[in-house]
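What follows is coords_31.cif (mmCIF, C-alpha atoms).
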data_start
loop_
_atom_site.label_atom_id
_atom_site.label_comp_id
_atom_site.auth_asym_id
_atom_site.auth_seq_id
_atom_site.Cartn_x
_atom_site.Cartn_y
_atom_site.Cartn_z
CA MET A 1 170.18 75.47 85.56
CA PRO A 2 172.52 75.11 82.58
CA HIS A 3 176.04 76.44 83.00
CA VAL A 4 179.10 76.40 80.79
CA THR A 5 182.62 76.71 82.17
CA VAL A 6 184.78 79.14 80.22
CA ASN A 7 187.99 80.92 81.15
CA GLY A 8 187.84 79.55 84.69
CA VAL A 9 184.30 80.66 85.58
CA ASP A 10 180.87 79.03 85.39
CA LEU A 11 178.44 81.07 83.30
CA TYR A 12 174.68 80.59 83.36
CA TYR A 13 173.11 80.45 79.91
CA GLU A 14 169.86 79.63 78.14
CA GLU A 15 169.33 78.62 74.53
CA SER A 16 166.28 77.99 72.41
CA GLY A 17 165.38 77.81 68.75
CA GLN A 18 167.28 76.57 65.73
CA GLY A 19 169.15 78.06 62.83
CA THR A 20 171.50 81.04 62.72
CA PRO A 21 173.01 81.64 66.18
CA ILE A 22 171.87 84.81 67.94
CA LEU A 23 173.90 85.84 70.99
CA GLY A 24 172.42 88.32 73.47
CA VAL A 25 174.83 90.30 75.67
CA HIS A 26 173.22 92.20 78.53
CA GLY A 27 174.24 95.55 79.95
CA THR A 28 175.40 96.74 83.37
CA PRO A 29 173.75 96.26 85.78
CA SER A 30 171.59 93.50 84.40
CA SER A 31 171.15 89.80 83.70
CA ALA A 32 169.73 87.50 81.07
CA VAL A 33 166.56 87.68 83.20
CA MET A 34 165.89 90.99 81.48
CA TRP A 35 166.05 89.27 78.06
CA ALA A 36 163.65 86.40 78.78
CA ASP A 37 160.67 87.71 76.79
CA ALA A 38 162.88 88.87 73.93
CA ALA A 39 164.59 85.47 73.80
CA THR A 40 161.24 83.78 73.22
CA GLU A 41 160.67 85.92 70.15
CA LEU A 42 164.27 85.72 68.93
CA ALA A 43 164.11 81.92 69.10
CA ARG A 44 161.53 82.05 66.31
CA HIS A 45 164.21 83.52 64.06
CA GLY A 46 167.31 81.53 65.00
CA ARG A 47 169.19 79.74 67.75
CA CYS A 48 168.99 82.26 70.58
CA ILE A 49 171.64 82.16 73.32
CA ILE A 50 171.52 84.49 76.30
CA TYR A 51 173.77 84.34 79.35
CA ASP A 52 174.68 86.11 82.58
CA ARG A 53 178.09 87.71 82.25
CA ARG A 54 180.75 86.75 84.82
CA GLY A 55 179.92 88.07 88.26
CA PHE A 56 176.31 88.90 87.37
CA HIS A 57 173.30 87.17 88.96
CA ARG A 58 173.56 83.41 88.26
CA SER A 59 177.10 83.38 86.87
CA ALA A 60 180.12 82.90 89.09
CA PRO A 61 182.53 85.76 89.73
CA PRO A 62 186.26 85.38 89.28
CA ARG A 63 188.38 84.92 92.39
CA PRO A 64 189.48 87.35 93.66
CA PHE A 65 186.54 89.53 92.66
CA ALA A 66 188.05 93.01 92.77
CA THR A 67 187.96 93.97 89.08
CA LEU A 68 186.28 93.03 85.82
CA ASP A 69 187.86 94.05 82.53
CA LEU A 70 186.45 94.43 79.02
CA VAL A 71 188.85 91.74 77.85
CA ASP A 72 187.28 89.31 80.35
CA HIS A 73 183.78 89.81 78.96
CA VAL A 74 184.92 89.67 75.34
CA ASP A 75 186.90 86.49 75.92
CA ASP A 76 183.91 84.97 77.69
CA ALA A 77 181.52 85.80 74.85
CA ALA A 78 183.85 84.20 72.32
CA ALA A 79 184.33 81.17 74.57
CA VAL A 80 180.57 80.71 75.09
CA LEU A 81 180.07 80.61 71.31
CA ALA A 82 182.94 78.17 70.95
CA ALA A 83 181.77 75.91 73.77
CA LEU A 84 178.25 75.76 72.37
CA ARG A 85 179.52 75.38 68.77
CA ALA A 86 177.48 78.40 67.80
CA GLY A 87 179.37 80.70 65.53
CA PRO A 88 179.40 82.93 63.67
CA ALA A 89 176.50 84.62 65.43
CA ILE A 90 174.34 87.67 65.05
CA VAL A 91 175.38 89.43 68.25
CA ILE A 92 172.91 91.73 70.00
CA GLY A 93 174.41 93.94 72.68
CA ARG A 94 172.55 96.41 74.87
CA SER A 95 174.45 99.29 76.51
CA THR A 96 177.63 97.79 78.02
CA GLY A 97 176.74 94.63 76.12
CA GLY A 98 176.96 96.67 72.92
CA LEU A 99 180.47 97.77 73.84
CA ILE A 100 181.38 94.11 74.37
CA ALA A 101 179.82 93.20 71.03
CA ILE A 102 181.87 95.84 69.21
CA GLU A 103 185.11 94.60 70.71
CA LEU A 104 184.12 90.97 70.08
CA SER A 105 183.72 91.78 66.39
CA ARG A 106 187.18 93.39 66.34
CA ARG A 107 189.07 90.71 68.24
CA PHE A 108 187.12 87.65 67.09
CA PRO A 109 185.65 88.55 63.68
CA ASP A 110 185.16 84.87 62.87
CA LYS A 111 182.63 84.67 65.72
CA VAL A 112 180.43 87.51 64.44
CA LYS A 113 178.08 87.38 61.48
CA ALA A 114 176.31 90.70 62.14
CA LEU A 115 175.86 93.22 64.96
CA VAL A 116 172.81 94.74 66.61
CA LEU A 117 173.89 97.60 68.87
CA LEU A 118 171.22 98.85 71.26
CA GLU A 119 172.74 102.15 72.38
CA PRO A 120 176.23 100.69 72.89
CA ALA A 121 178.23 102.25 75.70
CA LEU A 122 181.25 103.37 73.63
CA PHE A 123 181.08 106.77 75.30
CA THR A 124 184.66 107.76 74.42
CA ILE A 125 183.65 108.23 70.78
CA ALA A 126 181.80 111.49 71.57
CA PRO A 127 183.17 114.20 73.90
CA ASP A 128 179.81 115.01 75.51
CA ALA A 129 179.08 111.33 76.10
CA ASP A 130 182.55 110.78 77.54
CA ALA A 131 182.03 113.66 79.97
CA TRP A 132 178.63 112.24 80.97
CA ALA A 133 180.09 108.79 81.63
CA ARG A 134 182.99 110.17 83.65
CA GLY A 135 180.54 112.18 85.74
CA LEU A 136 178.44 109.08 86.33
CA ARG A 137 181.53 107.11 87.34
CA ARG A 138 182.49 109.82 89.83
CA ARG A 139 179.00 109.97 91.36
CA VAL A 140 178.79 106.19 91.72
CA LEU A 141 182.15 106.02 93.48
CA GLU A 142 181.32 108.94 95.77
CA ARG A 143 177.91 107.59 96.79
CA THR A 144 179.03 103.99 97.26
CA ASP A 145 182.06 104.73 99.41
CA ALA A 146 180.02 103.90 102.52
CA GLN A 147 177.24 101.90 100.81
CA PRO A 148 178.64 99.77 97.97
CA GLY A 149 175.34 97.95 97.62
CA LEU A 150 173.83 101.08 96.03
CA ALA A 151 175.99 100.97 92.90
CA ALA A 152 173.44 99.28 90.63
CA GLU A 153 170.57 101.49 91.80
CA ILE A 154 172.57 104.65 91.14
CA VAL A 155 173.45 103.57 87.61
CA ILE A 156 169.84 102.66 86.81
CA ARG A 157 168.48 105.93 88.21
CA GLU A 158 171.01 107.88 86.14
CA ALA A 159 170.52 105.97 82.88
CA LEU A 160 166.83 105.12 83.07
CA GLY A 161 165.41 107.69 85.49
CA ASP A 162 164.12 107.60 89.04
CA ALA A 163 160.65 106.60 87.90
CA THR A 164 162.00 103.47 86.23
CA TRP A 165 163.75 102.34 89.40
CA GLU A 166 160.70 103.07 91.55
CA SER A 167 158.46 101.11 89.18
CA LEU A 168 160.56 97.92 89.33
CA PRO A 169 159.09 94.96 91.23
CA ALA A 170 160.85 94.17 94.50
CA GLY A 171 162.38 91.00 93.04
CA LEU A 172 164.02 92.87 90.18
CA LYS A 173 165.26 95.60 92.51
CA GLN A 174 166.95 92.91 94.59
CA MET A 175 168.41 91.23 91.51
CA PHE A 176 169.90 94.52 90.37
CA ALA A 177 171.16 95.36 93.86
CA ASP A 178 172.90 92.00 94.02
CA THR A 179 174.93 92.95 90.94
CA SER A 180 176.43 96.02 92.66
CA HIS A 181 179.68 94.18 93.38
CA ALA A 182 180.04 93.48 89.64
CA VAL A 183 179.20 97.10 88.80
CA LEU A 184 182.00 98.33 91.05
CA ALA A 185 184.38 95.66 89.76
CA GLU A 186 183.82 96.97 86.22
CA ILE A 187 184.32 100.57 87.35
CA ASN A 188 187.58 99.53 88.99
CA GLY A 189 188.59 97.40 86.02
CA HIS A 190 189.88 98.29 82.59
CA GLY A 191 188.30 99.12 79.25
CA LEU A 192 184.62 99.18 80.19
CA ASP A 193 182.35 102.17 79.79
CA LEU A 194 182.65 103.37 83.41
CA SER A 195 186.27 102.30 83.85
CA ASP A 196 188.83 105.07 84.26
CA ASP A 197 190.50 103.89 81.04
CA ALA A 198 187.41 103.16 78.95
CA LEU A 199 188.02 101.68 75.49
CA GLU A 200 188.91 104.21 72.80
CA LEU A 201 188.66 103.32 69.11
CA ASN A 202 189.81 105.55 66.27
CA GLU A 203 188.18 105.92 62.87
CA GLU A 204 190.46 103.35 61.24
CA GLN A 205 189.71 100.75 63.90
CA LEU A 206 185.96 101.29 63.58
CA ALA A 207 186.13 101.21 59.78
CA GLY A 208 187.71 97.78 60.09
CA ILE A 209 184.51 96.32 61.57
CA ARG A 210 183.08 95.06 58.30
CA ARG A 211 179.94 93.36 59.51
CA PRO A 212 176.34 94.36 58.81
CA THR A 213 175.35 96.50 61.79
CA LEU A 214 172.02 97.78 63.06
CA ILE A 215 172.33 100.72 65.47
CA VAL A 216 169.20 101.35 67.53
CA SER A 217 168.51 104.57 69.46
CA ALA A 218 165.60 105.32 71.81
CA GLU A 219 163.68 108.59 71.85
CA ASP A 220 163.82 109.10 75.63
CA SER A 221 167.37 107.94 76.37
CA PRO A 222 170.10 110.20 77.74
CA GLU A 223 171.53 112.53 75.09
CA ALA A 224 174.90 110.83 75.60
CA CYS A 225 173.54 107.60 74.11
CA ARG A 226 172.26 109.33 70.99
CA SER A 227 175.59 111.13 70.58
CA VAL A 228 177.41 107.80 70.59
CA ASN A 229 175.05 106.32 68.02
CA ALA A 230 175.36 109.35 65.75
CA ARG A 231 179.16 109.04 65.76
CA LEU A 232 179.06 105.27 65.26
CA SER A 233 176.66 105.47 62.35
CA GLY A 234 179.21 107.57 60.50
CA ALA A 235 182.20 105.45 61.47
CA LEU A 236 181.05 101.86 60.91
CA PRO A 237 181.01 100.97 57.21
CA LEU A 238 177.96 98.67 56.90
CA THR A 239 175.42 100.38 59.11
CA HIS A 240 171.67 100.86 59.30
CA THR A 241 170.07 103.03 61.99
CA VAL A 242 166.65 103.14 63.56
CA LEU A 243 164.97 105.27 66.24
CA VAL A 244 162.42 103.57 68.48
CA PRO A 245 160.06 104.86 71.18
CA GLY A 246 160.94 104.51 74.86
CA GLY A 247 164.11 104.67 76.89
CA HIS A 248 167.48 103.00 77.19
CA LEU A 249 166.10 99.50 77.87
CA ILE A 250 165.49 98.87 74.18
CA ASN A 251 163.69 95.64 73.34
CA PRO A 252 166.25 93.19 71.86
CA ALA A 253 163.39 91.68 69.84
CA HIS A 254 161.98 94.94 68.53
CA PRO A 255 160.46 94.43 65.05
CA ALA A 256 163.33 96.39 63.48
CA VAL A 257 165.81 94.02 65.12
CA VAL A 258 163.91 90.93 64.04
CA ASP A 259 163.71 92.21 60.46
CA PHE A 260 167.48 92.83 60.47
CA ILE A 261 168.09 89.31 61.79
CA ASP A 262 165.92 87.77 59.10
CA ARG A 263 167.71 89.75 56.37
CA ASN A 264 171.16 88.71 57.64
CA ALA A 265 170.52 85.09 58.57
CA GLY A 266 171.43 83.75 55.13
CA PRO A 267 174.82 83.38 53.44
CA ASP A 268 177.27 86.17 54.20
CA SER A 269 177.18 89.03 51.70
CA TRP A 270 179.85 91.28 53.25
CA ALA A 271 182.97 89.20 52.55
#
As structure tokens, please, write out the structure in this file.
Amino acid sequence: MPHVTVNGVDLYYEESGQGTPILGVHGTPSSAVMWADAATELARHGRCIIYDRRGFHRSAPPRPFATLDLVDHVDDAAAVLAALRAGPAIVIGRSTGGLIAIELSRRFPDKVKALVLLEPALFTIAPDADAWARGLRRRVLERTDAQPGLAAEIVIREALGDATWESLPAGLKQMFADTSHAVLAEINGHGLDLSDDALELNEEQLAGIRRPTLIVSAEDSPEACRSVNARLSGALPLTHTVLVPGGHLINPAHPAVVDFIDRNAGPDSWA
């Protein structure tokens, strides 16, 4: 299995296709496993790179593995692009991955050509979403005090519904369960969506993200996710929005995403 060593950890990655780099950043809890089908389609439209974030599934955790911070994931994403000589990229982030993509575009604008935000977990931008996320954080910590291995299941049941968890094959349930340590490390870390000090960005900071951006919402997602997207669509300067059927696990290769990639794969027009 291919790995790249960045910032002191070995990260699992896959790449396929040629042309404009497309970087996929998964959510929490998750893995690039959940992007496999999408990556096949995305590779028809550019050089698709997906990876397991540090501490998730096939990627090594830091040592000690007590916390994971937003800055860790952002630095890793930038380092993956640098190590693979693959920038600037169209960055697709789902949920927590969308939060990482936003901060990547702020801290490393030279690495980002365009953004696709699939219900990004910037919950602090909307009061109702912030309250929802803080409630979720509290429930996860309360219910995992004696059973830390339940962290991933609790998050999935809350964000995607009990029926989604029950419908997962046994292998995927185990994969998700195995990421529970990383889920709790993010909760106990800094800057991430379920951290106590989740990232906050003001209007000026968001207006400074001058990259073409597609914001995708799903019809059946938690209201908190749609609140975030509504606020973001008014705060980011170069934004298109789309509403798709289904829930929070939005297809990274949805036709609207692919069309956006094709329209932004040429020479930059935002400079």
Once you count only C-alpha atoms, what closest atom pair and distance in Å to one decimal does each residue of segment 148-244 of chain A within 6 Å of segment 121-141 of chain A have, with rows by chain and rising residue number, as CSV?
residue,atom,partner,partner_atom,distance
A:Asp193,CA,A:Ala121,CA,5.8
A:Leu194,CA,A:Arg137,CA,5.5
A:Glu200,CA,A:Thr124,CA,5.8
A:Ala224,CA,A:Ala129,CA,4.2
A:Val228,CA,A:Ala126,CA,5.8
Task: Atom pair atom CA of Ser30 of chain A / atom CA of Glu15 of chain A: separation (Å) - done: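 Result for atom CA of Ser30 of chain A versus atom CA of Glu15 of chain A: 18.0 Å, one decimal.
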Which residues of segment 53-77 of chain A come within 12 Å of segment 111-116 of chain A, and for each one, what is the closest pair of atoms and their distance in Å to one decimal, counting only C-alpha atoms, sorted by chain and residue number, as a Markdown table?
| residue | atom | partner | partner_atom | distance |
| --- | --- | --- | --- | --- |
| A:Val74 | CA | A:Lys111 | CA | 11.1 |
| A:Asp75 | CA | A:Lys111 | CA | 11.2 |
| A:Ala77 | CA | A:Lys111 | CA | 9.3 |
Open item on the list: the PyMOL selection byres ((chain A and resi 78-89) around 10) - which residues does that actually catch in the file I just gave you? List them as a PyMOL selection string.
Closed with: chain A and resi 4-7+11+13+15+19-24+46-51+73-77+90-92+101+104-105+107-115+265
- [ ] Report the residues retrieved by the PyMOL selection byres ((chain A and resi 57) around 9) from the displayed file, expressed as JSON, numbers by chain.
- [x] {"A": [12, 30, 31, 32, 33, 52, 53, 54, 55, 56, 58, 59, 60, 175, 176, 178, 179]}
For those residues, write C-alpha atoms to a file as a JSON list (two decimals), keeping the file's coordinate frame.
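In the end it all went to out-v3.json:
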[["chain", "number", "residue", "atom", "x", "y", "z"],
["A", 12, "TYR", "CA", 174.68, 80.59, 83.36],
["A", 30, "SER", "CA", 171.59, 93.50, 84.40],
["A", 31, "SER", "CA", 171.15, 89.80, 83.70],
["A", 32, "ALA", "CA", 169.73, 87.50, 81.07],
["A", 33, "VAL", "CA", 166.56, 87.68, 83.20],
["A", 52, "ASP", "CA", 174.68, 86.11, 82.58],
["A", 53, "ARG", "CA", 178.09, 87.71, 82.25],
["A", 54, "ARG", "CA", 180.75, 86.75, 84.82],
["A", 55, "GLY", "CA", 179.92, 88.07, 88.26],
["A", 56, "PHE", "CA", 176.31, 88.90, 87.37],
["A", 58, "ARG", "CA", 173.56, 83.41, 88.26],
["A", 59, "SER", "CA", 177.10, 83.38, 86.87],
["A", 60, "ALA", "CA", 180.12, 82.90, 89.09],
["A", 175, "MET", "CA", 168.41, 91.23, 91.51],
["A", 176, "PHE", "CA", 169.90, 94.52, 90.37],
["A", 178, "ASP", "CA", 172.90, 92.00, 94.02],
["A", 179, "THR", "CA", 174.93, 92.95, 90.94]]
- [ ] Write out as a list in words which residues come within 9 Å of Thr40 of chain A when counting all atoms listed in the file, dropping same-chain ones fewer than 4 positions away.
- [x]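 Counting only the stated atoms, we get Ser16, Gly17, Trp35, Ala36, Arg44, Cys48 and Ala253 of chain A.
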Open item on the list: For this structure, which residues satisfy the selection - the PyMOL selection byres ((chain A and resi 188) around 10) - when it is evaluated on the file as given? I want them as a ChimeraX atom specification.
Closed with: /A:66-69,137,141,182-187,189-192,194-197
Task: Selection near segment 213-216 of chain A, 10 Å with all atoms listed in the file, sequence-local residues under 6 positions removed, as a ChimeraX atom specification - done: /A:90-92,94,98,102,113-120,226,229-230,232-233,236-244,248,250-252,254,256-257,260-261,264
Task: Selected residue, from A:Val155, A:Pro29, A:Ala39, A:Arg210, that lies nearest to Thr96 of chain A when counting all atoms listed in the file - done: A:Pro29
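What separates atom CA of Ala235 of chain A from atom CA of Ala207 of chain A is a distance of 6.0 Å.
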Task: Atomic separation - atom CA of His181 of chain A relative to atom CA of Ala152 of chain A, Å - done: 8.5 Å
Open item on the list: I need the residue nearest Asp72 of chain A from this list: A:Gln18, A:Ile100, A:Gln174, A:Glu166. Use all atoms listed in the file for the distance.
Closed with: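 Nearest to Asp72 of chain A: A:Ile100.
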Open item on the list: Could you check the closest approach to Pro245 of chain A for each of A:Gly266, A:Gln205, A:Ala43, A:Ala218 and tell me which residue wins, using only C-alpha atoms?
Closed with: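 Among the listed residues, the smallest separation from Pro245 of chain A belongs to A:Ala218.
Shortest atom-to-atom contact with Leu172 of chain A among A:Asp220, A:Met34, A:Pro2, A:Gly246: A:Met34, counting only C-alpha atoms.
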